[in-house]
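Engineer: This structure is in structure tokens; I'll ask about it shortly.
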Amino acid sequence: MIRAGAVDVDYPGSGGGRAALVVGDLPGFTVAAEHVAWLGTVEEYQPGSFYKRELPAIRAVLDGVEPVELLIVDGYVDLDPDGRPGLGAHVAAALGIPVIGVAKTAFRAAVHAVPVLRGAASKPLYVTATGLSRDDAAAYVRGMRGAYRMPDALRQVDALARGRARPRVA
């Protein structure tokens, strides 16, 4: 079993940022804990440097939580086969743990991403990784709980980040 976390961050139009974390064990990833952190101020969005806005929020929601061995982020680890770093690569470098990137939309240069079909979906998720193989990462994503395209844990962390749900499990 691998203690894993999935993170997501939302930036409401009123300002600030809300970071969410769900924690569970892979394979399967049944959510065992949920956490939310609010940031009153956040960096402005900078094209090509998205991680500068995301990293402080991700660190904030991980602060004080029992460490995870692997983190799942919403987006790409690397943006092309040559390894141009995406959010996941920056998170892995900052935290020193393996990271799986799960993107909902295709990025033209990311031809190396592994497409993963789940449930009855005809549109894949795009999986990239660092610290483990892309094939192993894709197998974890494919095997996560939930009958739909998006695994339950990733749906839950998105709802928490957007403020549509409150943490249920601590």
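As shown in the structure tokens, the chain order sets the letters A, B, ...; within each chain, residues go from 1, and ligands are also counted from 1 in the order they appear.
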Find the residues near stretch 151-157 of chain A: any atom within 12 Å, counting only C-alpha atoms, skip ones fewer than 3 places away on the same chain, and give them as an MDAnalysis selection string.

Structural biologist: chainID A and resid 4:10 18:26 28:36 61 71:75 101:104 116:119 121 125 140:148 160:169

Engineer: If you run DSSP on the backbone here, which positions in stretch 10-137 of chain A get alpha helix (DSSP H)? Please write them as a list in words.

Structural biologist: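 Of stretch 10-137 of chain A, only Phe50, Tyr51, Lys52, Arg53, Glu54, Leu55, Pro56, Ala57, Ile58, Arg59, Ala60, Val61, Leu62, Leu87, Gly88, Ala89, His90, Val91, Ala92, Ala93, Ala94, Leu95, Arg134, Asp135, Asp136 and Ala137 of chain A fall in alpha helix (DSSP H).
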
Engineer: What are the DSSP strand (DSSP E or B) residues of chain A, as a PyMOL selection string?

Structural biologist: chain A and resi 2-10+17-26+31-39+70-74+78+85+99-103+114-116+125-130

Engineer: Next, dump the selected residues to file, keeping only N, CA and C atoms, as a compact mmCIF listing (two decimals), in the first residue's frame.

Structural biologist:
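This went into out-v8.txt:
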# COMPACT_ATOMS: atom_id res chain seq x y z
N ILE A 2 0.45 2.22 -0.74
CA ILE A 2 1.15 3.50 -0.82
C ILE A 2 0.22 4.57 -0.31
N ARG A 3 0.65 5.32 0.69
CA ARG A 3 -0.15 6.44 1.21
C ARG A 3 -0.03 7.58 0.19
N ALA A 4 -1.15 7.89 -0.44
CA ALA A 4 -1.16 8.89 -1.50
C ALA A 4 -2.09 10.04 -1.15
N GLY A 5 -1.79 11.18 -1.75
CA GLY A 5 -2.66 12.34 -1.63
C GLY A 5 -3.00 12.85 -3.01
N ALA A 6 -4.15 13.46 -3.13
CA ALA A 6 -4.54 14.15 -4.36
C ALA A 6 -4.85 15.59 -3.98
N VAL A 7 -4.30 16.53 -4.75
CA VAL A 7 -4.47 17.95 -4.43
C VAL A 7 -5.11 18.68 -5.60
N ASP A 8 -5.80 19.76 -5.26
CA ASP A 8 -6.37 20.66 -6.26
C ASP A 8 -6.46 22.03 -5.62
N VAL A 9 -6.42 23.06 -6.45
CA VAL A 9 -6.48 24.43 -5.95
C VAL A 9 -7.47 25.20 -6.81
N ASP A 10 -8.25 26.07 -6.16
CA ASP A 10 -9.19 26.93 -6.88
C ASP A 10 -8.95 28.37 -6.43
N GLY A 17 -7.21 31.91 -2.43
CA GLY A 17 -7.17 30.58 -3.01
C GLY A 17 -7.56 29.53 -1.99
N ARG A 18 -8.17 28.46 -2.48
CA ARG A 18 -8.56 27.35 -1.63
C ARG A 18 -7.88 26.10 -2.15
N ALA A 19 -7.03 25.50 -1.31
CA ALA A 19 -6.34 24.26 -1.65
C ALA A 19 -7.01 23.11 -0.92
N ALA A 20 -7.14 22.00 -1.62
CA ALA A 20 -7.77 20.83 -1.02
C ALA A 20 -6.85 19.62 -1.18
N LEU A 21 -6.94 18.71 -0.24
CA LEU A 21 -6.17 17.47 -0.23
C LEU A 21 -7.08 16.35 0.24
N VAL A 22 -7.07 15.25 -0.50
CA VAL A 22 -7.69 14.01 -0.01
C VAL A 22 -6.57 12.98 0.09
N VAL A 23 -6.66 12.12 1.09
CA VAL A 23 -5.61 11.14 1.35
C VAL A 23 -6.23 9.75 1.38
N GLY A 24 -5.52 8.79 0.79
CA GLY A 24 -5.96 7.40 0.79
C GLY A 24 -4.80 6.52 0.38
N ASP A 25 -5.06 5.23 0.29
CA ASP A 25 -4.02 4.28 -0.07
C ASP A 25 -4.22 3.78 -1.49
N LEU A 26 -3.10 3.70 -2.21
CA LEU A 26 -3.10 3.07 -3.53
C LEU A 26 -2.61 1.65 -3.34
N VAL A 31 -10.89 7.36 0.01
CA VAL A 31 -10.54 8.58 0.75
C VAL A 31 -10.66 8.31 2.25
N ALA A 32 -9.56 8.53 2.97
CA ALA A 32 -9.50 8.33 4.41
C ALA A 32 -9.45 9.64 5.18
N ALA A 33 -9.00 10.71 4.51
CA ALA A 33 -8.91 12.02 5.17
C ALA A 33 -9.07 13.11 4.12
N GLU A 34 -9.64 14.23 4.54
CA GLU A 34 -9.83 15.39 3.66
C GLU A 34 -9.37 16.63 4.41
N HIS A 35 -8.69 17.53 3.69
CA HIS A 35 -8.19 18.77 4.29
C HIS A 35 -8.37 19.91 3.31
N VAL A 36 -8.62 21.10 3.86
CA VAL A 36 -8.73 22.30 3.04
C VAL A 36 -7.93 23.40 3.72
N ALA A 37 -7.23 24.19 2.92
CA ALA A 37 -6.49 25.36 3.43
C ALA A 37 -6.88 26.58 2.61
N TRP A 38 -7.09 27.70 3.29
CA TRP A 38 -7.44 28.94 2.62
C TRP A 38 -6.23 29.87 2.62
N LEU A 39 -5.94 30.46 1.46
CA LEU A 39 -4.86 31.44 1.36
C LEU A 39 -5.51 32.78 1.04
N LEU A 70 3.23 9.75 -2.17
CA LEU A 70 3.01 10.05 -3.58
C LEU A 70 1.89 11.08 -3.65
N LEU A 71 1.98 11.98 -4.62
CA LEU A 71 0.96 13.01 -4.76
C LEU A 71 0.40 12.99 -6.18
N ILE A 72 -0.90 13.18 -6.29
CA ILE A 72 -1.58 13.27 -7.58
C ILE A 72 -2.01 14.72 -7.76
N VAL A 73 -1.61 15.31 -8.90
CA VAL A 73 -1.97 16.70 -9.19
C VAL A 73 -2.90 16.75 -10.40
N ASP A 74 -3.66 17.82 -10.46
CA ASP A 74 -4.55 18.09 -11.58
C ASP A 74 -3.72 18.79 -12.66
N ASP A 78 5.04 16.60 -16.86
CA ASP A 78 5.91 17.22 -17.87
C ASP A 78 5.08 17.46 -19.12
N PRO A 85 9.20 20.88 -17.80
CA PRO A 85 8.45 20.69 -16.56
C PRO A 85 7.09 21.37 -16.56
N VAL A 99 5.21 11.99 -8.21
CA VAL A 99 3.99 12.72 -8.54
C VAL A 99 3.37 12.13 -9.80
N ILE A 100 2.06 11.96 -9.74
CA ILE A 100 1.27 11.57 -10.91
C ILE A 100 0.46 12.78 -11.34
N GLY A 101 0.51 13.09 -12.62
CA GLY A 101 -0.31 14.15 -13.17
C GLY A 101 -1.48 13.55 -13.91
N VAL A 102 -2.68 14.03 -13.61
CA VAL A 102 -3.90 13.58 -14.30
C VAL A 102 -4.55 14.82 -14.92
N ALA A 103 -4.54 14.86 -16.24
CA ALA A 103 -5.12 15.99 -16.97
C ALA A 103 -6.41 15.56 -17.65
N VAL A 114 -0.03 9.08 -21.16
CA VAL A 114 -0.74 7.82 -21.36
C VAL A 114 -2.25 8.11 -21.26
N PRO A 115 -3.00 7.84 -22.33
CA PRO A 115 -4.44 8.03 -22.25
C PRO A 115 -5.07 6.90 -21.43
N VAL A 116 -5.95 7.26 -20.49
CA VAL A 116 -6.60 6.28 -19.63
C VAL A 116 -8.11 6.45 -19.77
N LEU A 125 -8.49 10.35 -19.76
CA LEU A 125 -7.67 11.20 -18.91
C LEU A 125 -6.25 11.03 -19.44
N TYR A 126 -5.39 12.01 -19.23
CA TYR A 126 -4.02 11.96 -19.72
C TYR A 126 -3.08 11.92 -18.52
N VAL A 127 -2.29 10.84 -18.42
CA VAL A 127 -1.49 10.58 -17.23
C VAL A 127 0.00 10.72 -17.54
N THR A 128 0.68 11.49 -16.71
CA THR A 128 2.13 11.63 -16.76
C THR A 128 2.65 11.39 -15.34
N ALA A 129 3.95 11.19 -15.19
CA ALA A 129 4.47 10.87 -13.86
C ALA A 129 5.95 11.15 -13.76
N THR A 130 6.40 11.30 -12.52
CA THR A 130 7.81 11.33 -12.19
C THR A 130 7.99 10.56 -10.89

Engineer: So, counting only C-alpha atoms, which residue among A:Ala89, A:Ala109, A:Arg149, A:Asp63 is closest to A:Ser122?

Structural biologist: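 Under the stated criterion, the closest residue is A:Arg149.
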
Engineer: Measure the distance from atom CA of A:Gly131 to atom CA of A:Ile97 in Å and round it to one decimal.

Structural biologist: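 Between these atoms lies a distance of 7.0 Å.
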